file structure-v5.txt (compact mmCIF, C-alpha atoms and all ligand atoms)
# COMPACT_ATOMS: atom_id res chain seq x y z
CA MET A 130 87.60 14.29 -160.25
CA PRO A 131 90.01 15.18 -157.46
CA GLU A 132 93.52 13.73 -157.81
CA VAL A 133 93.55 12.57 -154.21
CA GLU A 134 90.74 10.34 -153.04
CA LEU A 135 88.13 12.47 -151.27
CA THR A 136 85.89 10.87 -148.68
CA GLN A 137 82.85 12.76 -147.39
CA VAL A 138 80.23 11.85 -144.84
CA PHE A 139 76.75 13.38 -145.23
CA ARG A 140 74.97 13.16 -141.89
CA SER A 141 71.25 13.75 -141.50
CA ARG A 142 68.57 12.83 -138.99
CA ARG A 143 66.20 12.60 -141.95
CA ALA A 144 67.95 10.79 -144.80
CA VAL A 145 65.41 9.64 -147.38
CA LEU A 146 66.65 6.18 -148.32
CA PRO A 147 64.95 3.59 -150.57
CA GLU A 148 63.91 1.71 -147.40
CA GLY A 149 62.43 4.83 -145.82
CA GLU A 150 63.35 7.97 -143.91
CA GLN A 151 65.95 7.44 -141.18
CA ALA A 152 68.91 9.00 -139.41
CA ALA A 153 72.03 8.03 -141.32
CA ASP A 154 75.61 8.79 -142.32
CA VAL A 155 76.09 8.57 -146.07
CA VAL A 156 79.68 7.84 -147.07
CA VAL A 157 80.82 9.27 -150.41
CA VAL A 158 84.15 8.53 -152.07
CA ASP A 159 85.13 10.59 -155.10
CA GLY A 160 81.57 11.59 -155.83
CA ARG A 161 79.97 8.20 -155.48
CA ILE A 162 78.03 6.78 -152.54
CA THR A 163 79.90 3.77 -151.14
CA GLU A 164 78.04 3.07 -147.92
CA VAL A 165 75.06 4.10 -145.84
CA ARG A 166 75.91 3.73 -142.15
CA PRO A 167 73.83 4.17 -139.02
CA TYR A 168 73.73 7.75 -137.74
CA GLY A 169 77.13 8.67 -136.28
CA GLY A 170 78.78 5.61 -137.83
CA GLY A 171 80.76 7.71 -140.29
CA GLU A 172 82.62 9.61 -137.57
CA GLY A 173 86.24 10.18 -138.56
CA VAL A 174 85.81 8.48 -141.93
CA GLY A 175 86.02 11.66 -144.00
CA GLU A 176 85.06 15.30 -144.30
CA LEU A 177 81.81 15.66 -142.35
CA VAL A 178 78.81 17.51 -143.82
CA ASP A 179 76.40 17.57 -140.89
CA LEU A 180 72.90 18.59 -141.96
CA GLY A 181 71.36 18.36 -138.52
CA ASP A 182 67.59 18.30 -138.90
CA LEU A 183 67.56 19.10 -142.61
CA ALA A 184 66.34 16.25 -144.77
CA LEU A 185 68.83 14.63 -147.13
CA LEU A 186 67.24 13.67 -150.44
CA PRO A 187 68.64 12.12 -153.59
CA GLY A 188 68.79 14.79 -156.30
CA LEU A 189 65.64 14.93 -158.37
CA VAL A 190 65.61 13.63 -161.94
CA ASP A 191 63.45 15.69 -164.27
CA SER A 192 62.94 13.79 -167.50
CA HIS A 193 60.71 16.46 -169.05
CA VAL A 194 62.44 19.80 -169.61
CA HIS A 195 62.39 22.07 -172.67
CA VAL A 196 65.69 23.98 -172.71
CA ASN A 197 65.21 25.54 -176.19
CA GLU A 198 68.91 26.14 -176.96
CA PRO A 199 70.16 26.66 -179.60
CA GLY A 200 67.64 28.58 -181.65
CA ARG A 201 65.26 29.87 -178.98
CA THR A 202 67.74 30.57 -176.21
CA GLU A 203 65.85 33.76 -175.39
CA TRP A 204 63.09 31.43 -174.11
CA GLU A 205 65.48 29.33 -171.99
CA GLY A 206 69.07 28.18 -172.30
CA PHE A 207 71.23 25.43 -170.81
CA ALA A 208 72.93 27.73 -168.29
CA THR A 209 69.72 29.32 -167.00
CA ALA A 210 67.68 26.09 -167.01
CA THR A 211 70.33 24.11 -165.15
CA ARG A 212 70.90 26.90 -162.61
CA ALA A 213 67.15 26.82 -161.94
CA ALA A 214 67.30 23.03 -161.72
CA ALA A 215 70.10 23.05 -159.16
CA ALA A 216 68.37 25.72 -157.10
CA GLY A 217 65.26 23.52 -157.13
CA GLY A 218 67.04 20.33 -156.05
CA VAL A 219 67.07 18.79 -159.54
CA THR A 220 70.46 17.25 -160.38
CA THR A 221 69.64 15.60 -163.71
CA ILE A 222 67.44 16.85 -166.52
CA VAL A 223 66.57 15.19 -169.80
CA ASP A 224 65.95 17.80 -172.48
CA MET A 225 63.08 17.53 -174.91
CA PRO A 226 63.88 17.40 -178.63
CA LEU A 227 61.80 20.40 -179.63
CA ASN A 228 61.63 24.14 -179.31
CA SER A 229 65.36 24.26 -179.91
CA ILE A 230 66.44 24.88 -183.50
CA PRO A 231 67.48 22.43 -184.72
CA PRO A 232 65.22 19.86 -183.07
CA THR A 233 66.93 16.63 -181.94
CA THR A 234 65.77 14.57 -184.91
CA THR A 235 69.08 13.57 -186.53
CA VAL A 236 72.51 12.62 -185.17
CA ALA A 237 73.96 15.85 -186.59
CA ASN A 238 71.35 17.86 -184.72
CA LEU A 239 72.04 15.89 -181.54
CA GLU A 240 75.74 16.65 -181.84
CA ALA A 241 74.95 20.33 -182.42
CA LYS A 242 72.92 20.47 -179.24
CA ARG A 243 75.48 18.58 -177.17
CA LYS A 244 78.20 20.91 -178.39
CA VAL A 245 76.21 23.96 -177.33
CA ALA A 246 75.29 22.48 -173.94
CA ASP A 247 78.74 21.13 -173.05
CA GLY A 248 80.53 23.24 -170.48
CA GLN A 249 77.62 25.45 -169.51
CA THR A 250 75.40 23.12 -167.46
CA PHE A 251 75.20 23.19 -163.67
CA VAL A 252 73.57 19.75 -163.45
CA ASP A 253 73.76 16.62 -165.60
CA VAL A 254 71.90 16.82 -168.89
CA GLY A 255 70.66 14.02 -171.13
CA LEU A 256 68.75 14.45 -174.37
CA TRP A 257 65.64 12.90 -175.86
CA GLY A 258 65.39 12.36 -179.60
CA GLY A 259 62.34 13.19 -181.66
CA ALA A 260 60.31 10.94 -183.98
CA ILE A 261 58.68 13.10 -186.65
CA PRO A 262 57.32 12.39 -190.13
CA GLY A 263 60.13 11.17 -192.39
CA ASN A 264 62.91 10.51 -189.86
CA THR A 265 62.32 6.82 -189.12
CA ALA A 266 65.75 5.97 -190.56
CA ASP A 267 67.35 8.39 -188.09
CA LEU A 268 65.97 6.69 -184.99
CA GLU A 269 68.40 3.80 -184.72
CA PRO A 270 71.54 5.95 -185.18
CA LEU A 271 70.17 8.49 -182.68
CA HIS A 272 69.47 5.72 -180.17
CA ARG A 273 72.99 4.35 -180.62
CA ALA A 274 74.31 7.88 -180.11
CA GLY A 275 72.73 7.97 -176.66
CA VAL A 276 69.32 9.67 -176.75
CA PHE A 277 67.03 8.32 -174.03
CA GLY A 278 64.12 7.59 -176.36
CA PHE A 279 61.90 9.46 -178.79
CA LYS A 280 59.22 12.04 -178.35
CA SER A 281 56.33 12.33 -180.75
CA PHE A 282 53.21 14.46 -180.93
CA LEU A 283 49.80 13.23 -182.04
CA ALA A 284 48.55 16.82 -182.51
CA PRO A 285 50.38 20.01 -183.62
CA SER A 286 53.34 20.69 -181.33
CA GLY A 287 53.28 24.49 -181.45
CA VAL A 288 56.46 24.80 -183.55
CA ASP A 289 56.68 24.25 -187.31
CA GLU A 290 59.97 22.35 -187.33
CA PHE A 291 58.53 19.54 -185.17
CA PRO A 292 55.42 18.22 -186.98
CA HIS A 293 53.09 15.67 -185.41
CA LEU A 294 52.59 12.10 -186.57
CA THR A 295 49.47 10.86 -188.33
CA GLY A 296 48.12 7.41 -187.41
CA ASP A 297 50.13 5.61 -190.09
CA GLN A 298 53.28 7.52 -189.24
CA LEU A 299 52.84 6.68 -185.55
CA GLU A 300 52.52 3.00 -186.41
CA GLU A 301 55.74 3.17 -188.44
CA ALA A 302 57.63 5.06 -185.70
CA LEU A 303 56.45 2.67 -182.97
CA ALA A 304 57.31 -0.42 -185.04
CA GLU A 305 60.85 0.90 -185.50
CA GLN A 306 61.18 1.77 -181.82
CA ALA A 307 59.96 -1.70 -180.84
CA ARG A 308 62.62 -3.15 -183.15
CA ILE A 309 65.48 -1.10 -181.67
CA GLY A 310 64.22 -1.29 -178.07
CA ALA A 311 63.60 2.44 -177.63
CA LEU A 312 61.17 4.15 -175.28
CA ALA A 313 58.48 6.10 -177.16
CA ILE A 314 57.28 9.15 -175.21
CA ILE A 315 54.10 10.69 -176.52
CA HIS A 316 52.22 13.97 -176.27
CA ALA A 317 48.73 12.50 -176.54
CA GLU A 318 45.99 14.87 -177.64
CA ASP A 319 43.82 14.00 -180.64
CA PRO A 320 43.84 16.61 -183.43
CA ALA A 321 40.30 15.79 -184.65
CA VAL A 322 38.83 16.19 -181.17
CA LEU A 323 40.71 19.47 -180.76
CA ASP A 324 39.47 20.71 -184.14
CA ALA A 325 35.88 19.88 -183.23
CA ALA A 326 36.03 21.59 -179.83
CA PRO A 327 34.59 25.10 -179.41
CA GLN A 328 37.17 27.79 -180.12
CA HIS A 329 36.57 31.07 -178.32
CA PRO A 330 39.79 33.08 -178.12
CA GLY A 331 40.14 35.61 -175.34
CA PRO A 332 41.07 36.00 -171.69
CA HIS A 333 38.55 33.55 -170.16
CA TYR A 334 40.21 30.40 -168.85
CA SER A 335 36.93 28.47 -169.16
CA ASP A 336 36.96 29.07 -172.93
CA PHE A 337 40.50 27.79 -173.21
CA LEU A 338 39.66 24.72 -171.13
CA ALA A 339 36.66 23.95 -173.36
CA SER A 340 38.95 24.12 -176.41
CA ARG A 341 41.08 21.23 -175.08
CA PRO A 342 38.55 18.75 -173.65
CA ASP A 343 39.28 15.58 -171.67
CA ASP A 344 38.25 13.57 -174.69
CA ALA A 345 41.20 14.92 -176.69
CA GLU A 346 43.51 13.10 -174.28
CA ALA A 347 41.34 9.99 -173.90
CA THR A 348 40.90 9.51 -177.66
CA ALA A 349 44.59 9.99 -178.36
CA VAL A 350 45.61 7.60 -175.59
CA SER A 351 43.15 4.94 -176.82
CA GLY A 352 44.62 5.05 -180.30
CA LEU A 353 48.15 5.06 -178.98
CA LEU A 354 47.55 2.06 -176.72
CA ALA A 355 46.12 0.09 -179.63
CA ALA A 356 49.17 0.95 -181.74
CA ALA A 357 51.48 0.01 -178.86
CA GLU A 358 49.74 -3.35 -178.55
CA ARG A 359 50.02 -4.03 -182.29
CA THR A 360 53.69 -3.03 -182.54
CA GLY A 361 54.94 -4.20 -179.13
CA ALA A 362 56.51 -0.78 -178.51
CA ARG A 363 57.15 0.48 -175.00
CA VAL A 364 55.21 3.74 -174.67
CA HIS A 365 55.14 6.47 -172.06
CA ILE A 366 52.31 9.00 -171.91
CA LEU A 367 53.65 12.47 -171.20
CA HIS A 368 51.96 15.01 -168.93
CA VAL A 369 48.64 13.30 -168.22
CA SER A 370 46.20 16.04 -167.29
CA SER A 371 42.83 14.33 -167.66
CA ALA A 372 41.75 11.61 -165.22
CA ALA A 373 39.72 10.18 -168.13
CA VAL A 374 42.99 8.61 -169.26
CA LEU A 375 43.45 6.57 -166.09
CA PRO A 376 40.96 3.73 -166.72
CA LEU A 377 42.43 3.29 -170.22
CA LEU A 378 45.90 2.89 -168.74
CA ARG A 379 44.65 0.36 -166.17
CA GLN A 380 42.96 -1.73 -168.84
CA ALA A 381 45.99 -1.60 -171.13
CA ARG A 382 48.31 -2.72 -168.35
CA ALA A 383 45.94 -5.56 -167.53
CA ASP A 384 46.12 -6.52 -171.21
CA GLY A 385 49.92 -6.59 -171.11
CA VAL A 386 50.61 -3.38 -173.04
CA ARG A 387 53.95 -1.86 -172.04
CA VAL A 388 52.78 1.57 -170.97
CA THR A 389 53.80 4.07 -168.30
CA ALA A 390 52.61 7.59 -167.64
CA GLU A 391 53.66 10.79 -165.92
CA THR A 392 51.93 13.84 -164.59
CA CYS A 393 53.23 17.26 -163.58
CA PRO A 394 53.29 19.59 -160.57
CA HIS A 395 50.87 22.06 -162.19
CA TYR A 396 48.19 19.39 -162.71
CA LEU A 397 48.59 18.23 -159.11
CA THR A 398 48.79 21.60 -157.38
CA LEU A 399 46.79 24.09 -159.48
CA ALA A 400 43.17 23.94 -160.61
CA ALA A 401 41.00 25.59 -163.26
CA GLU A 402 38.80 27.20 -160.63
CA GLN A 403 41.76 29.28 -159.43
CA VAL A 404 43.08 30.51 -162.79
CA PRO A 405 42.43 34.25 -163.09
CA ASP A 406 41.10 35.38 -166.44
CA GLY A 407 43.92 36.74 -168.59
CA ASP A 408 46.69 35.05 -166.56
CA THR A 409 48.25 33.07 -169.36
CA ALA A 410 51.16 32.01 -167.14
CA PHE A 411 48.76 29.12 -166.41
CA LYS A 412 48.44 28.07 -170.05
CA CYS A 413 49.78 24.66 -170.94
CA CYS A 414 48.64 21.83 -173.20
CA PRO A 415 46.93 19.68 -172.15
CA PRO A 416 45.36 22.20 -169.77
CA ILE A 417 45.08 22.42 -166.00
CA ARG A 418 41.62 20.97 -165.24
CA ASP A 419 39.22 21.23 -162.30
CA GLU A 420 39.64 20.31 -158.65
CA SER A 421 37.73 17.02 -158.82
CA ASN A 422 39.98 15.92 -161.70
CA ARG A 423 43.01 16.89 -159.62
CA ASP A 424 41.82 14.67 -156.76
CA LEU A 425 41.62 11.72 -159.14
CA LEU A 426 45.20 12.35 -160.29
CA TRP A 427 46.33 12.31 -156.65
CA GLN A 428 44.49 9.05 -156.08
CA ALA A 429 46.23 7.53 -159.09
CA LEU A 430 49.57 8.80 -157.82
CA ALA A 431 48.89 7.20 -154.42
CA ASP A 432 48.00 3.95 -156.17
CA GLY A 433 51.31 3.88 -158.06
CA GLU A 434 49.77 4.52 -161.46
CA PHE A 435 52.25 7.25 -162.41
CA ALA A 436 55.88 6.35 -163.03
CA ALA A 437 57.02 9.93 -162.47
CA VAL A 438 56.11 13.48 -161.58
CA VAL A 439 58.16 15.79 -163.80
CA SER A 440 58.02 19.48 -164.62
CA ASP A 441 57.32 19.81 -168.36
CA HIS A 442 59.24 23.06 -167.88
CA SER A 443 58.40 24.89 -171.11
CA PRO A 444 59.02 28.61 -170.87
CA SER A 445 58.86 31.32 -173.48
CA THR A 446 59.44 35.06 -173.46
CA PRO A 447 56.72 37.13 -171.70
CA ASP A 448 55.57 38.72 -174.97
CA LEU A 449 54.68 35.29 -176.41
CA LYS A 450 52.57 34.65 -173.32
CA HIS A 451 50.59 37.86 -174.13
CA LEU A 452 50.60 38.58 -170.44
CA ALA A 453 48.58 41.60 -169.42
CA ARG A 454 51.26 42.81 -167.02
CA TYR A 455 53.75 42.89 -169.92
CA GLY A 456 51.37 44.85 -172.14
CA GLY A 457 49.68 41.83 -173.73
CA ASN A 458 45.97 41.13 -174.09
CA GLY A 459 45.86 37.95 -171.97
CA ASP A 460 44.46 35.87 -174.83
CA PHE A 461 44.69 32.20 -173.88
CA ALA A 462 44.28 31.02 -177.47
CA ALA A 463 47.22 33.07 -178.75
CA ALA A 464 49.55 32.59 -175.75
CA TRP A 465 52.44 30.12 -175.83
CA GLY A 466 51.37 26.92 -174.09
CA GLY A 467 53.94 26.01 -171.49
CA ILE A 468 54.64 26.44 -167.79
CA ALA A 469 57.99 27.26 -166.25
CA SER A 470 58.48 25.42 -162.97
CA LEU A 471 61.86 23.69 -162.92
CA GLN A 472 62.94 25.51 -159.77
CA LEU A 473 59.60 25.15 -157.98
CA GLY A 474 58.43 21.60 -158.65
CA LEU A 475 59.76 20.14 -155.39
CA PRO A 476 58.24 22.71 -152.99
CA ALA A 477 55.02 22.82 -155.02
CA ILE A 478 54.57 19.06 -154.82
CA TRP A 479 55.77 18.82 -151.22
CA THR A 480 53.33 21.52 -150.10
CA GLU A 481 50.36 19.67 -151.57
CA ALA A 482 51.66 16.16 -150.78
CA ARG A 483 52.11 16.97 -147.12
CA ARG A 484 48.64 18.48 -146.93
CA ARG A 485 47.29 15.22 -148.32
CA GLY A 486 49.21 13.06 -145.84
CA PHE A 487 52.14 11.88 -147.98
CA ALA A 488 55.76 11.68 -146.82
CA LEU A 489 59.08 12.77 -148.30
CA THR A 490 59.71 9.15 -149.29
CA ASP A 491 56.69 9.40 -151.60
CA VAL A 492 57.93 12.63 -153.17
CA VAL A 493 61.36 11.07 -153.74
CA ARG A 494 59.76 8.04 -155.38
CA TRP A 495 57.74 10.24 -157.75
CA MET A 496 60.41 12.83 -158.57
CA SER A 497 63.76 11.02 -158.30
CA ALA A 498 63.64 7.21 -158.26
CA GLY A 499 60.68 7.02 -160.67
CA PRO A 500 62.02 9.19 -163.47
CA ALA A 501 65.55 7.70 -163.08
CA ALA A 502 64.09 4.23 -163.60
CA LEU A 503 61.92 5.42 -166.48
CA VAL A 504 64.93 6.59 -168.49
CA GLY A 505 67.33 3.90 -167.26
CA LEU A 506 69.70 6.11 -165.26
CA ASP A 507 71.07 3.45 -162.92
CA ALA A 508 73.47 5.80 -161.13
CA LYS A 509 70.74 8.29 -160.22
CA GLY A 510 67.57 8.41 -158.18
CA ALA A 511 68.51 7.02 -154.76
CA ILE A 512 70.77 7.37 -151.74
CA ALA A 513 72.34 3.92 -151.96
CA PRO A 514 75.78 2.40 -152.52
CA GLY A 515 76.94 2.69 -156.12
CA LYS A 516 74.85 5.75 -156.92
CA ASP A 517 76.24 9.18 -157.76
CA ALA A 518 76.33 11.46 -154.71
CA ASP A 519 73.72 13.78 -156.20
CA LEU A 520 72.21 15.08 -152.98
CA VAL A 521 69.91 17.78 -151.69
CA ALA A 522 69.64 19.38 -148.26
CA PHE A 523 65.96 20.18 -147.91
CA ASP A 524 64.13 22.02 -145.15
CA PRO A 525 60.63 20.49 -145.22
CA ASP A 526 59.21 23.10 -142.82
CA ALA A 527 60.47 26.33 -144.37
CA ALA A 528 57.65 28.46 -145.75
CA PHE A 529 58.17 31.05 -148.46
CA THR A 530 56.25 33.11 -150.99
CA VAL A 531 57.23 32.67 -154.62
CA ASP A 532 58.89 35.79 -156.01
CA PRO A 533 59.48 35.38 -159.76
CA GLU A 534 62.51 37.67 -159.52
CA GLY A 535 64.18 35.04 -157.35
CA LEU A 536 63.98 32.40 -160.08
CA HIS A 537 66.95 31.46 -162.23
CA HIS A 538 64.72 30.69 -165.23
CA ARG A 539 65.60 33.05 -168.07
CA ASN A 540 62.11 34.57 -168.01
CA PRO A 541 60.45 35.33 -164.67
CA VAL A 542 57.00 34.10 -165.72
CA THR A 543 55.34 31.49 -163.51
CA PRO A 544 51.82 30.60 -162.39
CA TYR A 545 53.25 30.06 -158.89
CA ALA A 546 54.02 33.78 -158.47
CA GLY A 547 52.79 34.96 -155.07
CA ARG A 548 51.89 31.46 -153.86
CA SER A 549 52.88 30.34 -150.38
CA LEU A 550 54.87 27.12 -150.55
CA THR A 551 56.51 24.93 -147.94
CA GLY A 552 59.90 23.30 -148.35
CA ALA A 553 63.17 24.94 -149.29
CA VAL A 554 66.27 23.57 -150.99
CA ARG A 555 69.29 24.67 -148.95
CA THR A 556 72.19 23.04 -150.81
CA THR A 557 72.50 20.82 -153.87
CA TRP A 558 75.48 18.54 -154.53
CA LEU A 559 76.40 16.92 -157.82
CA ARG A 560 78.74 13.92 -157.39
CA GLY A 561 79.62 15.26 -153.95
CA GLN A 562 80.41 18.80 -155.12
CA VAL A 563 78.30 21.76 -154.03
CA VAL A 564 76.49 23.19 -157.04
CA ASP A 565 77.19 26.91 -156.90
CA VAL A 566 74.82 28.84 -159.18
CA ASP A 567 76.18 32.34 -158.58
CA ALA A 568 76.87 34.48 -161.63
CA ASP A 569 80.59 33.72 -161.67
CA ALA A 570 80.28 30.04 -160.71
CA ARG A 571 81.84 27.29 -162.79
CA PRO A 572 79.34 24.86 -164.33
CA ILE A 573 80.06 21.31 -163.11
CA GLY A 574 77.35 19.37 -164.95
CA ARG A 575 78.02 16.75 -167.60
CA ILE A 576 76.28 15.80 -170.79
CA ILE A 577 75.16 12.21 -170.28
CA ALA A 578 74.05 9.52 -172.69
CA ARG A 579 71.69 6.59 -172.37
CA GLY A 580 73.38 3.55 -170.88
CA GLU A 581 76.37 5.54 -169.69
CA ALA A 582 75.36 7.07 -166.35
ZN ZN B 601 56.70 19.14 -172.84
call {"tool": "encode", "arguments": {"input": "structure-v5.txt", "output": "structure tokens"}}
result
Amino acid sequence: MPEVELTQVFRSRRAVLPEGEQAADVVVVDGRITEVRPYGGGEGVGELVDLGDLALLPGLVDSHVHVNEPGRTEWEGFATATRAAAAGGVTTIVDMPLNSIPPTTTVANLEAKRKVADGQTFVDVGLWGGAIPGNTADLEPLHRAGVFGFKSFLAPSGVDEFPHLTGDQLEEALAEQARIGALAIIHAEDPAVLDAAPQHPGPHYSDFLASRPDDAEATAVSGLLAAAERTGARVHILHVSSAAVLPLLRQARADGVRVTAETCPHYLTLAAEQVPDGDTAFKCCPPIRDESNRDLLWQALADGEFAAVVSDHSPSTPDLKHLARYGGNGDFAAAWGGIASLQLGLPAIWTEARRRGFALTDVVRWMSAGPAALVGLDAKGAIAPGKDADLVAFDPDAAFTVDPEGLHHRNPVTPYAGRSLTGAVRTTWLRGQVVDVDADARPIGRIIARGEA
């Protein structure tokens, strides 16, 4: 915080406010928005940042990011992930409890992760806890210590130190989370359906897709919704890929179950038909499905059935992806399942959203206001008085081709490589300060806790 009060005025002809897109002057005092005035109304009030025709967005909130530090920092670390976030217009991330070692399943592990992250993040970082077999007694202390809720898997997670929950264990974890008022976030694929699906390893995407059928998601979500109804827990379905899940969610909501869901840029912008054989940069679980499925996800998004669109940024090193261009065999079964997209989510979604007739206000609702509300970050997610001045200057008309070498992610592996996207982040501010991501820049992000920001 500056010692002397600093007043700034952010002026844009296209400020994306909760009430819609309009020309406005946004007044910021010491990093917090105090007023939104009519365009020109902030003249002489403070240091003017005139964006002209660039859109002014609230910084995005990405509640689904796998940073992997400590323990697998070679996959992604706090410095690289948060540089990528800032460059992509994301000003807050909430880090998943797994793929780091240790996983965030005890208070000691949480403190270890916070200690590592502190001082090296370029945006604000919160942490999720994990609910795994045997740590039910850890959930309440973790929640008190500020995790935003608890992630669980219903099928193997991909890493040994984060086992999935069986039906009975899920019931126990949800009952405890209902008792302490925590948000349960769930990777919903059913292990029995996965086991029964045809397994044909190799470079053909169609074989990989057949190994993770729609029914794996639908069956897992059905069981989860029943458990949520019995326990009264508030549940959130992570990364919905299959449209087969949507009618289940509608029915559960009609029945009064407390359930929300999210989907991700790759499910909304990529499709199975376009995945080249052997290009395991496209591998994620659940998988990218076909174009007709994608249209149904967009319809659900338009109808307000998704609380958020978040990245599920889950990188690994290129060798673990078995990518052909890094000397691998392109085997989808063996490749790490995860897509790196933290820096590209906004242009990817904007490109497709605009094509389908949506506006920037919609994108902001899905990628900023929605996820902020999901995790209870009252100071984030909107350009409005009382909110942090986490802001993004965005050129909605700028076209570019994705060059992986231009990404700040630790590993330049992305399924968006070579794609033409529209929409470029020009500047990102965190609490009114420009986020500089150059090599010698000083990280200005904070580690935030539930209920605090
Ligand atoms: Zn994930």
call {"tool": "closest_residue", "arguments": {"input": "structure-v5.txt", "among": "A:His329, A:Lys412, A:Arg359, A:His442", "to": "ligand ZN 601 (chain B)", "atoms": "all atoms listed in the file"}}
result
A:His442
call {"tool": "atom_distance", "arguments": {"input": "structure-v5.txt", "atom1": "CA of Val566 (chain A)", "atom2": "CA of Val196 (chain A)"}}
result
17.0 Å
call {"tool": "residues_near_ligand", "arguments": {"input": "structure-v5.txt", "ligand": "ligand ZN 601 (chain B)", "cutoff": "8 Å", "atoms": "all atoms listed in the file", "output": "MDAnalysis selection string"}}
result
chainID A and resid 193:195 225 316 367:368 441:443 467
call {"tool": "closest_residue", "arguments": {"input": "structure-v5.txt", "among": "A:Gly499, A:Val165, A:Ile314, A:Phe207", "to": "Lys244 (chain A)", "atoms": "all atoms listed in the file"}}
result
A:Phe207
call {"tool": "residues_around", "arguments": {"input": "structure-v5.txt", "residues": "Ala436 (chain A)", "least_positions_apart": "6", "cutoff": "8 Å", "atoms": "all atoms listed in the file", "output": "VMD selection string"}}
result
chain A and resid 389 to 391 495 499 to 500 503
call {"tool": "closest_atom_pairs", "arguments": {"input": "structure-v5.txt", "of": "region 467-580 of chain A", "to": "region 166-183 of chain A", "cutoff": "7 Å", "atoms": "only C-alpha atoms", "output": "tab-separated table"}}
result
residue	atom	partner	partner_atom	distance
A:Ala522	CA	A:Leu183	CA	6.0
A:Phe523	CA	A:Leu183	CA	5.6
A:Asp524	CA	A:Leu183	CA	5.2
call {"tool": "write_last_selection", "arguments": {"input": "structure-v5.txt", "atoms": "C-alpha atoms", "output": "mmCIF file, in the frame of the given file"}}
result
data_model
loop_
_atom_site.group_PDB
_atom_site.id
_atom_site.type_symbol
_atom_site.label_atom_id
_atom_site.label_comp_id
_atom_site.auth_asym_id
_atom_site.auth_seq_id
_atom_site.Cartn_x
_atom_site.Cartn_y
_atom_site.Cartn_z
ATOM 1 C CA ALA A 522 69.640 19.380 -148.260
ATOM 2 C CA PHE A 523 65.960 20.180 -147.910
ATOM 3 C CA ASP A 524 64.130 22.020 -145.150
#
call {"tool": "axis_aligned_box", "arguments": {"input": "structure-v5.txt", "around": "region 509-514 of chain A", "padding_each_side": "8 Å", "output": "AutoDock Vina command-line options"}}
result
--center_x 71.7 --center_y 5.4 --center_z -156.0 --size_x 24.2 --size_y 22.0 --size_z 24.5
call {"tool": "residues_around", "arguments": {"input": "structure-v5.txt", "residues": "Arg201 (chain A)", "least_positions_apart": "2", "cutoff": "9 Å", "atoms": "all atoms listed in the file", "output": "JSON, numbers by chain"}}
result
{"A": [196, 197, 198, 199, 203, 204, 205, 206, 228, 229, 230, 445]}
